[in-house]
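This is upload_16.pdb. It holds PDB, C-alpha atoms, pLDDT in the B column.
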```
ATOM      1  CA  MET A  24       0.000   0.000   0.000  1.00 58.00           C
ATOM      2  CA  PRO A  25       1.570   3.358  -0.965  1.00 67.00           C
ATOM      3  CA  ASP A  26       2.132   6.015   1.654  1.00 74.00           C
ATOM      4  CA  THR A  27      -0.679   8.505   1.836  1.00 73.00           C
ATOM      5  CA  PRO A  28       0.363  12.035   2.803  1.00 74.00           C
ATOM      6  CA  MET A  29      -1.226  13.508   5.898  1.00 63.00           C
ATOM      7  CA  PRO A  30      -3.926  16.053   5.057  1.00 64.00           C
ATOM      8  CA  GLU A  31      -3.172  19.663   5.841  1.00 62.00           C
ATOM      9  CA  PRO A  32      -4.854  20.761   9.064  1.00 60.00           C
ATOM     10  CA  PRO A  33      -7.646  23.289   8.569  1.00 64.00           C
ATOM     11  CA  ALA A  34      -6.755  26.928   9.122  1.00 75.00           C
ATOM     12  CA  LEU A  35      -7.602  28.109  12.621  1.00 87.00           C
ATOM     13  CA  GLU A  36     -10.018  31.021  12.554  1.00 86.00           C
ATOM     14  CA  PRO A  37     -10.540  33.201  15.626  1.00 82.00           C
ATOM     15  CA  ALA A  38     -14.188  33.750  16.607  1.00 85.00           C
ATOM     16  CA  ASP A  39     -13.206  37.222  17.872  1.00 85.00           C
ATOM     17  CA  PRO A  40     -11.434  39.644  15.503  1.00 88.00           C
ATOM     18  CA  GLY A  41      -9.925  41.382  18.561  1.00 91.00           C
ATOM     19  CA  TYR A  42      -8.510  38.119  19.950  1.00 93.00           C
ATOM     20  CA  ALA A  43      -4.887  39.308  20.198  1.00 96.00           C
ATOM     21  CA  GLU A  44      -5.647  42.375  22.298  1.00 96.00           C
ATOM     22  CA  ARG A  45      -8.086  40.391  24.478  1.00 93.00           C
ATOM     23  CA  VAL A  46      -5.542  37.605  25.085  1.00 96.00           C
ATOM     24  CA  ARG A  47      -2.717  40.039  25.869  1.00 97.00           C
ATOM     25  CA  ALA A  48      -4.946  41.958  28.300  1.00 96.00           C
ATOM     26  CA  ALA A  49      -6.006  38.745  30.065  1.00 95.00           C
ATOM     27  CA  PHE A  50      -2.379  37.592  30.310  1.00 96.00           C
ATOM     28  CA  ALA A  51      -1.448  40.955  31.851  1.00 96.00           C
ATOM     29  CA  ARG A  52      -4.006  40.320  34.615  1.00 93.00           C
ATOM     30  CA  GLN A  53      -2.567  36.917  35.493  1.00 93.00           C
ATOM     31  CA  ARG A  54      -0.731  37.552  38.759  1.00 95.00           C
ATOM     32  CA  PHE A  55       1.319  34.335  38.836  1.00 95.00           C
ATOM     33  CA  MET A  56       2.883  34.980  35.438  1.00 96.00           C
ATOM     34  CA  ALA A  57       3.677  38.555  36.526  1.00 96.00           C
ATOM     35  CA  MET A  58       5.229  37.285  39.766  1.00 95.00           C
ATOM     36  CA  VAL A  59       7.643  35.031  37.844  1.00 96.00           C
ATOM     37  CA  SER A  60       8.382  37.799  35.273  1.00 97.00           C
ATOM     38  CA  ALA A  61       6.932  35.902  32.307  1.00 98.00           C
ATOM     39  CA  ALA A  62       6.087  37.810  29.134  1.00 98.00           C
ATOM     40  CA  MET A  63       3.806  36.914  26.248  1.00 98.00           C
ATOM     41  CA  VAL A  64       5.955  37.284  23.138  1.00 98.00           C
ATOM     42  CA  ARG A  65       3.679  35.955  20.377  1.00 98.00           C
ATOM     43  CA  VAL A  66      -0.084  35.702  19.827  1.00 98.00           C
ATOM     44  CA  GLU A  67      -1.433  34.127  16.641  1.00 97.00           C
ATOM     45  CA  PRO A  68      -4.666  32.249  15.917  1.00 97.00           C
ATOM     46  CA  GLY A  69      -4.342  28.998  17.870  1.00 96.00           C
ATOM     47  CA  GLU A  70      -0.792  29.678  19.027  1.00 97.00           C
ATOM     48  CA  VAL A  71       1.060  31.645  21.700  1.00 98.00           C
ATOM     49  CA  ALA A  72       4.593  31.884  23.067  1.00 98.00           C
ATOM     50  CA  ILE A  73       5.565  32.983  26.569  1.00 98.00           C
ATOM     51  CA  ASP A  74       9.120  33.708  27.739  1.00 98.00           C
ATOM     52  CA  LEU A  75      10.289  33.169  31.309  1.00 98.00           C
ATOM     53  CA  PRO A  76      13.743  34.476  32.308  1.00 97.00           C
ATOM     54  CA  PHE A  77      15.865  32.189  34.481  1.00 96.00           C
ATOM     55  CA  ASP A  78      15.615  33.127  38.156  1.00 95.00           C
ATOM     56  CA  LEU A  79      17.274  31.297  41.057  1.00 94.00           C
ATOM     57  CA  GLU A  80      14.082  31.881  43.071  1.00 94.00           C
ATOM     58  CA  LEU A  81      12.254  29.498  40.722  1.00 96.00           C
ATOM     59  CA  THR A  82      14.665  26.574  41.084  1.00 94.00           C
ATOM     60  CA  GLN A  83      14.486  23.361  43.054  1.00 94.00           C
ATOM     61  CA  GLN A  84      17.273  21.973  45.255  1.00 95.00           C
ATOM     62  CA  HIS A  85      19.499  20.949  42.303  1.00 95.00           C
ATOM     63  CA  GLY A  86      19.383  24.367  40.654  1.00 93.00           C
ATOM     64  CA  PHE A  87      16.952  23.426  37.855  1.00 95.00           C
ATOM     65  CA  VAL A  88      13.746  25.376  37.221  1.00 96.00           C
ATOM     66  CA  HIS A  89      11.100  23.700  39.369  1.00 97.00           C
ATOM     67  CA  GLY A  90       8.736  21.332  37.560  1.00 96.00           C
ATOM     68  CA  GLY A  91       5.737  23.135  39.023  1.00 97.00           C
ATOM     69  CA  VAL A  92       6.851  26.379  37.401  1.00 97.00           C
ATOM     70  CA  ILE A  93       7.328  24.594  34.086  1.00 98.00           C
ATOM     71  CA  ALA A  94       3.902  22.947  34.301  1.00 98.00           C
ATOM     72  CA  ALA A  95       2.312  26.289  35.155  1.00 98.00           C
ATOM     73  CA  GLY A  96       3.984  27.954  32.166  1.00 98.00           C
ATOM     74  CA  LEU A  97       2.879  25.188  29.817  1.00 98.00           C
ATOM     75  CA  ASP A  98      -0.680  25.230  31.197  1.00 98.00           C
ATOM     76  CA  THR A  99      -0.852  29.003  30.822  1.00 98.00           C
ATOM     77  CA  ALA A 100       0.372  28.830  27.232  1.00 98.00           C
ATOM     78  CA  CYS A 101      -2.175  26.102  26.419  1.00 98.00           C
ATOM     79  CA  GLY A 102      -5.023  28.103  27.899  1.00 97.00           C
ATOM     80  CA  PHE A 103      -4.178  31.253  26.019  1.00 97.00           C
ATOM     81  CA  ALA A 104      -3.601  29.379  22.734  1.00 98.00           C
ATOM     82  CA  ALA A 105      -7.109  27.948  23.082  1.00 97.00           C
ATOM     83  CA  SER A 106      -8.482  31.359  24.053  1.00 95.00           C
ATOM     84  CA  THR A 107      -7.274  32.911  20.787  1.00 96.00           C
ATOM     85  CA  LEU A 108      -9.990  30.952  18.976  1.00 96.00           C
ATOM     86  CA  MET A 109     -12.827  31.530  21.452  1.00 92.00           C
ATOM     87  CA  PRO A 110     -15.576  34.157  21.348  1.00 91.00           C
ATOM     88  CA  ALA A 111     -14.912  37.451  23.130  1.00 90.00           C
ATOM     89  CA  ASP A 112     -17.390  36.657  25.912  1.00 90.00           C
ATOM     90  CA  ALA A 113     -15.856  33.254  26.716  1.00 90.00           C
ATOM     91  CA  GLY A 114     -13.298  32.153  29.256  1.00 90.00           C
ATOM     92  CA  VAL A 115     -11.101  29.093  29.327  1.00 92.00           C
ATOM     93  CA  LEU A 116     -10.439  26.484  32.008  1.00 93.00           C
ATOM     94  CA  THR A 117      -8.135  23.471  31.978  1.00 96.00           C
ATOM     95  CA  VAL A 118     -10.011  20.176  32.061  1.00 96.00           C
ATOM     96  CA  GLU A 119      -7.000  17.838  31.848  1.00 98.00           C
ATOM     97  CA  MET A 120      -3.260  18.088  31.275  1.00 98.00           C
ATOM     98  CA  LYS A 121      -0.338  15.689  30.993  1.00 98.00           C
ATOM     99  CA  THR A 122       3.237  16.846  31.311  1.00 98.00           C
ATOM    100  CA  ASN A 123       6.356  14.951  30.284  1.00 98.00           C
ATOM    101  CA  PHE A 124       9.672  16.229  31.625  1.00 98.00           C
ATOM    102  CA  LEU A 125      12.455  15.406  29.172  1.00 97.00           C
ATOM    103  CA  ALA A 126      15.556  17.151  30.546  1.00 96.00           C
ATOM    104  CA  PRO A 127      16.592  19.413  33.435  1.00 94.00           C
ATOM    105  CA  ALA A 128      15.535  23.013  32.810  1.00 95.00           C
ATOM    106  CA  THR A 129      18.540  25.302  32.874  1.00 92.00           C
ATOM    107  CA  GLY A 130      19.582  28.231  30.735  1.00 91.00           C
ATOM    108  CA  GLU A 131      18.990  31.927  30.270  1.00 95.00           C
ATOM    109  CA  ARG A 132      15.246  31.598  29.699  1.00 96.00           C
ATOM    110  CA  LEU A 133      12.438  29.202  28.984  1.00 97.00           C
ATOM    111  CA  ARG A 134      10.015  29.622  26.098  1.00 98.00           C
ATOM    112  CA  PHE A 135       6.603  28.011  26.401  1.00 98.00           C
ATOM    113  CA  THR A 136       4.961  27.529  23.002  1.00 98.00           C
ATOM    114  CA  ALA A 137       1.451  26.145  22.627  1.00 98.00           C
ATOM    115  CA  ARG A 138      -0.498  25.165  19.504  1.00 98.00           C
ATOM    116  CA  VAL A 139      -4.137  24.190  19.169  1.00 97.00           C
ATOM    117  CA  ARG A 140      -4.472  20.810  17.462  1.00 96.00           C
ATOM    118  CA  ARG A 141      -8.263  20.671  17.479  1.00 95.00           C
ATOM    119  CA  ALA A 142     -10.710  23.386  18.434  1.00 93.00           C
ATOM    120  CA  GLY A 143     -14.265  22.363  19.151  1.00 90.00           C
ATOM    121  CA  ARG A 144     -17.294  24.304  20.306  1.00 89.00           C
ATOM    122  CA  THR A 145     -16.738  23.317  23.954  1.00 93.00           C
ATOM    123  CA  VAL A 146     -13.459  21.387  24.145  1.00 96.00           C
ATOM    124  CA  THR A 147     -10.091  22.321  22.626  1.00 96.00           C
ATOM    125  CA  PHE A 148      -7.025  20.049  22.488  1.00 97.00           C
ATOM    126  CA  VAL A 149      -3.651  21.814  22.755  1.00 98.00           C
ATOM    127  CA  GLU A 150      -0.005  20.693  22.700  1.00 98.00           C
ATOM    128  CA  ALA A 151       2.882  22.694  24.152  1.00 98.00           C
ATOM    129  CA  ASP A 152       6.656  22.603  24.565  1.00 98.00           C
ATOM    130  CA  ALA A 153       8.948  24.153  27.154  1.00 98.00           C
ATOM    131  CA  ILE A 154      12.200  25.073  25.448  1.00 98.00           C
ATOM    132  CA  ALA A 155      15.313  26.058  27.407  1.00 97.00           C
ATOM    133  CA  VAL A 156      17.502  28.637  25.681  1.00 96.00           C
ATOM    134  CA  ALA A 157      21.186  29.006  26.605  1.00 92.00           C
ATOM    135  CA  ASP A 158      24.167  30.357  24.660  1.00 91.00           C
ATOM    136  CA  GLY A 159      22.117  30.664  21.469  1.00 90.00           C
ATOM    137  CA  ARG A 160      21.031  27.015  21.604  1.00 94.00           C
ATOM    138  CA  SER A 161      17.674  25.600  22.531  1.00 96.00           C
ATOM    139  CA  ARG A 162      16.386  22.233  23.656  1.00 96.00           C
ATOM    140  CA  THR A 163      12.988  20.926  24.600  1.00 98.00           C
ATOM    141  CA  VAL A 164      12.844  20.190  28.330  1.00 98.00           C
ATOM    142  CA  ALA A 165       9.143  19.351  28.715  1.00 98.00           C
ATOM    143  CA  THR A 166       5.963  18.817  26.724  1.00 98.00           C
ATOM    144  CA  MET A 167       2.289  19.034  27.586  1.00 98.00           C
ATOM    145  CA  GLN A 168      -0.971  17.823  26.123  1.00 98.00           C
ATOM    146  CA  ALA A 169      -4.004  19.612  27.512  1.00 98.00           C
ATOM    147  CA  THR A 170      -7.738  19.714  27.104  1.00 98.00           C
ATOM    148  CA  MET A 171      -9.292  23.141  27.543  1.00 96.00           C
ATOM    149  CA  MET A 172     -12.953  23.967  28.043  1.00 94.00           C
ATOM    150  CA  THR A 173     -14.750  26.997  26.627  1.00 92.00           C
ATOM    151  CA  VAL A 174     -16.745  28.589  29.450  1.00 87.00           C
ATOM    152  CA  ARG A 175     -19.616  30.962  28.668  1.00 75.00           C
ATOM    153  CA  GLY A 176     -22.198  32.654  30.827  1.00 66.00           C
ATOM    154  CA  ARG A 177     -20.040  32.965  33.956  1.00 65.00           C
ATOM    155  CA  ASP A 178     -18.788  36.407  34.955  1.00 68.00           C
ATOM    156  CA  ASP A 179     -16.077  34.837  37.141  1.00 64.00           C
ATOM    157  CA  VAL A 180     -14.561  32.957  34.147  1.00 61.00           C
ATOM    158  CA  ARG A 181     -14.143  35.257  31.204  1.00 61.00           C
ATOM    159  CA  HIS A 182     -11.507  37.361  29.516  1.00 64.00           C
TER
END
```
Represent the structure of the file as structure tokens.
Amino acid sequence: MPDTPMPEPPALEPADPGYAERVRAAFARQRFMAMVSAAMVRVEPGEVAIDLPFDLELTQQHGFVHGGVIAAGLDTACGFAASTLMPADAGVLTVEMKTNFLAPATGERLRFTARVRRAGRTVTFVEADAIAVADGRSRTVATMQATMMTVRGRDDVRH
């Protein structure tokens, strides 16, 4: 049987034309990301990137960035990637996430990149990578798969 090429994924279309501004404003209100000095560096339909500078205060006993910080960065990136495709009046909550740690996280900064793989009306599946950058080189130190839920009609969960 001959190899069949994978079909191209459909283009991801935001439900809200002002998605980028809405996502950046919501990220700016997230206190934990501010506390760890993270910055959103890219917002595209179905995709975001967040940078986190290395800080000794965020390390565990061996000097590596703590896994909880990495998981939080990946989860945040997944949520905002999903949010780029949601209506303006919706919020996003994590339903499930799985993190794989691949290497110790050291370097000058971490970049968390997340990409929507499938966006549904209520549930969105997202994949993310945590990439350590040091001396001009980068390596993936963790990955995440997450399921995000679109939440509507709740004032306490909206962007």
Please enclose the listed atoms of region 75-94 of chain A in an axis-aligned box, pad each side by 5 Å, and write out the centre and the three edge lengths in Å, rounded to one decimal, as AutoDock Vina command-line options.
```
--center_x 11.7 --center_y 27.7 --center_z 38.3 --size_x 25.6 --size_y 23.5 --size_z 23.9
```
Run the PyMOL selection byres ((chain A and resi 171) around 7) against the file shown and list the residues it catches, as an mmCIF file with C-alpha atoms, in the frame of the given file.
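Result saved to result_2.cif:
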```cif
data_model
loop_
_atom_site.group_PDB
_atom_site.id
_atom_site.type_symbol
_atom_site.label_atom_id
_atom_site.label_comp_id
_atom_site.auth_asym_id
_atom_site.auth_seq_id
_atom_site.Cartn_x
_atom_site.Cartn_y
_atom_site.Cartn_z
ATOM 1 C CA GLY A 102 -5.023 28.103 27.899
ATOM 2 C CA ALA A 105 -7.109 27.948 23.082
ATOM 3 C CA VAL A 115 -11.101 29.093 29.327
ATOM 4 C CA LEU A 116 -10.439 26.484 32.008
ATOM 5 C CA THR A 117 -8.135 23.471 31.978
ATOM 6 C CA VAL A 118 -10.011 20.176 32.061
ATOM 7 C CA VAL A 146 -13.459 21.387 24.145
ATOM 8 C CA THR A 147 -10.091 22.321 22.626
ATOM 9 C CA PHE A 148 -7.025 20.049 22.488
ATOM 10 C CA ALA A 169 -4.004 19.612 27.512
ATOM 11 C CA THR A 170 -7.738 19.714 27.104
ATOM 12 C CA MET A 172 -12.953 23.967 28.043
ATOM 13 C CA THR A 173 -14.750 26.997 26.627
#
```
- Query: Which polymer residues have any atom within 8 Å of an atom of Leu133 (chain A), counting all atoms listed in the file, with same-chain residues fewer than 3 positions away left out, as a ChimeraX atom specification?
  - Reply: /A:74-77,128,130,153-156
Would you save the residues of that selection, restricted to C-alpha atoms, as an mmCIF file, in the coordinates of the input?
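Okay, this is what ended up in out06.cif:
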```
data_model
loop_
_atom_site.group_PDB
_atom_site.id
_atom_site.type_symbol
_atom_site.label_atom_id
_atom_site.label_comp_id
_atom_site.auth_asym_id
_atom_site.auth_seq_id
_atom_site.Cartn_x
_atom_site.Cartn_y
_atom_site.Cartn_z
ATOM 1 C CA ASP A 74 9.120 33.708 27.739
ATOM 2 C CA LEU A 75 10.289 33.169 31.309
ATOM 3 C CA PRO A 76 13.743 34.476 32.308
ATOM 4 C CA PHE A 77 15.865 32.189 34.481
ATOM 5 C CA ALA A 128 15.535 23.013 32.810
ATOM 6 C CA GLY A 130 19.582 28.231 30.735
ATOM 7 C CA ALA A 153 8.948 24.153 27.154
ATOM 8 C CA ILE A 154 12.200 25.073 25.448
ATOM 9 C CA ALA A 155 15.313 26.058 27.407
ATOM 10 C CA VAL A 156 17.502 28.637 25.681
#
```
- Message: Set the distance at 9 Å and use all atoms listed in the file: which residues neighbour Ala104 (chain A) once local chain neighbours fewer than 5 positions away are removed? I'd like the list as a PyMOL selection string.
- Response: chain A and resi 46+66-72+99+136-139+149
Can you write out the residues you just picked, keeping C-alpha atoms, as a PDB file, in the frame of the given file?
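Saved the output as out-v1.pdb:
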```pdb
ATOM      1  CA  VAL A  46      -5.542  37.605  25.085  1.00 96.00           C
ATOM      2  CA  VAL A  66      -0.084  35.702  19.827  1.00 98.00           C
ATOM      3  CA  GLU A  67      -1.433  34.127  16.641  1.00 97.00           C
ATOM      4  CA  PRO A  68      -4.666  32.249  15.917  1.00 97.00           C
ATOM      5  CA  GLY A  69      -4.342  28.998  17.870  1.00 96.00           C
ATOM      6  CA  GLU A  70      -0.792  29.678  19.027  1.00 97.00           C
ATOM      7  CA  VAL A  71       1.060  31.645  21.700  1.00 98.00           C
ATOM      8  CA  ALA A  72       4.593  31.884  23.067  1.00 98.00           C
ATOM      9  CA  THR A  99      -0.852  29.003  30.822  1.00 98.00           C
ATOM     10  CA  THR A 136       4.961  27.529  23.002  1.00 98.00           C
ATOM     11  CA  ALA A 137       1.451  26.145  22.627  1.00 98.00           C
ATOM     12  CA  ARG A 138      -0.498  25.165  19.504  1.00 98.00           C
ATOM     13  CA  VAL A 139      -4.137  24.190  19.169  1.00 97.00           C
ATOM     14  CA  VAL A 149      -3.651  21.814  22.755  1.00 98.00           C
TER      15      VAL A 149
END
```
Assuming the chain letters and numbering stay as they are in my file, what does the PyMOL selection byres ((chain A and resi 73) around 6) actually select? List them as a JSON list (two decimals) with C-alpha atoms, in the coordinates of the input.
```json
[["chain", "number", "residue", "atom", "x", "y", "z"],
["A", 62, "ALA", "CA", 6.09, 37.81, 29.13],
["A", 63, "MET", "CA", 3.81, 36.91, 26.25],
["A", 64, "VAL", "CA", 5.96, 37.28, 23.14],
["A", 72, "ALA", "CA", 4.59, 31.88, 23.07],
["A", 74, "ASP", "CA", 9.12, 33.71, 27.74],
["A", 134, "ARG", "CA", 10.02, 29.62, 26.10],
["A", 135, "PHE", "CA", 6.60, 28.01, 26.40]]
```
- May I ask which of the residues A:Met120, A:Ala48, A:Leu35, A:Ala165 is the closest one to Gly143 (chain A), counting all atoms listed in the file?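 When distances to Gly143 (chain A) are compared using all atoms listed in the file, the smallest one comes from A:Leu35.
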- Task: Between A:Gly91, A:Pro110, A:Gly96, A:Gly86, single out the one closest to Pro40 (chain A), counting all atoms listed in the file.
- Result: A:Pro110
- Query: What gap, in Å, lies between CA of Arg162 (chain A) and CA of Ile93 (chain A)?
  - Reply: 14.0 Å
- Straight-line distance linking CA of Glu119 (chain A) with CA of Glu80 (chain A), stated in Å to one decimal: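 Computed distance, CA of Glu119 (chain A) to CA of Glu80 (chain A), equals 27.7 Å.
Contact shell of Asn123 (chain A) at 10 Å (all atoms listed in the file; same-chain neighbours under 5 positions omitted): Gly90, Ala94, Asp152, Val164, Ala165, Thr166, Met167 and Gln168 of chain A.
The space between CA of Ala100 (chain A) and CA of Arg140 (chain A) spans 13.5 Å.
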Which residues, named as in the file, does the PyMOL selection byres ((chain A and resi 113) around 6) pick out? Answer as a JSON list (two decimals) with C-alpha atoms, in the frame of the given file.
```
[["chain", "number", "residue", "atom", "x", "y", "z"],
["A", 110, "PRO", "CA", -15.58, 34.16, 21.35],
["A", 111, "ALA", "CA", -14.91, 37.45, 23.13],
["A", 112, "ASP", "CA", -17.39, 36.66, 25.91],
["A", 114, "GLY", "CA", -13.30, 32.15, 29.26],
["A", 174, "VAL", "CA", -16.74, 28.59, 29.45],
["A", 175, "ARG", "CA", -19.62, 30.96, 28.67],
["A", 181, "ARG", "CA", -14.14, 35.26, 31.20]]
```
- Note on the structure: Between A:Ser161, A:Thr122, A:Thr145, A:Ser106, smallest distance to Tyr42 (chain A) by only C-alpha atoms belongs to A:Ser106
- Query: Which one of A:Val88, A:Asp26, A:Arg144, A:Arg47 sits closest to Leu108 (chain A) if you count all atoms listed in the file?
  - Reply: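 The closest residue to Leu108 (chain A) is A:Arg144.
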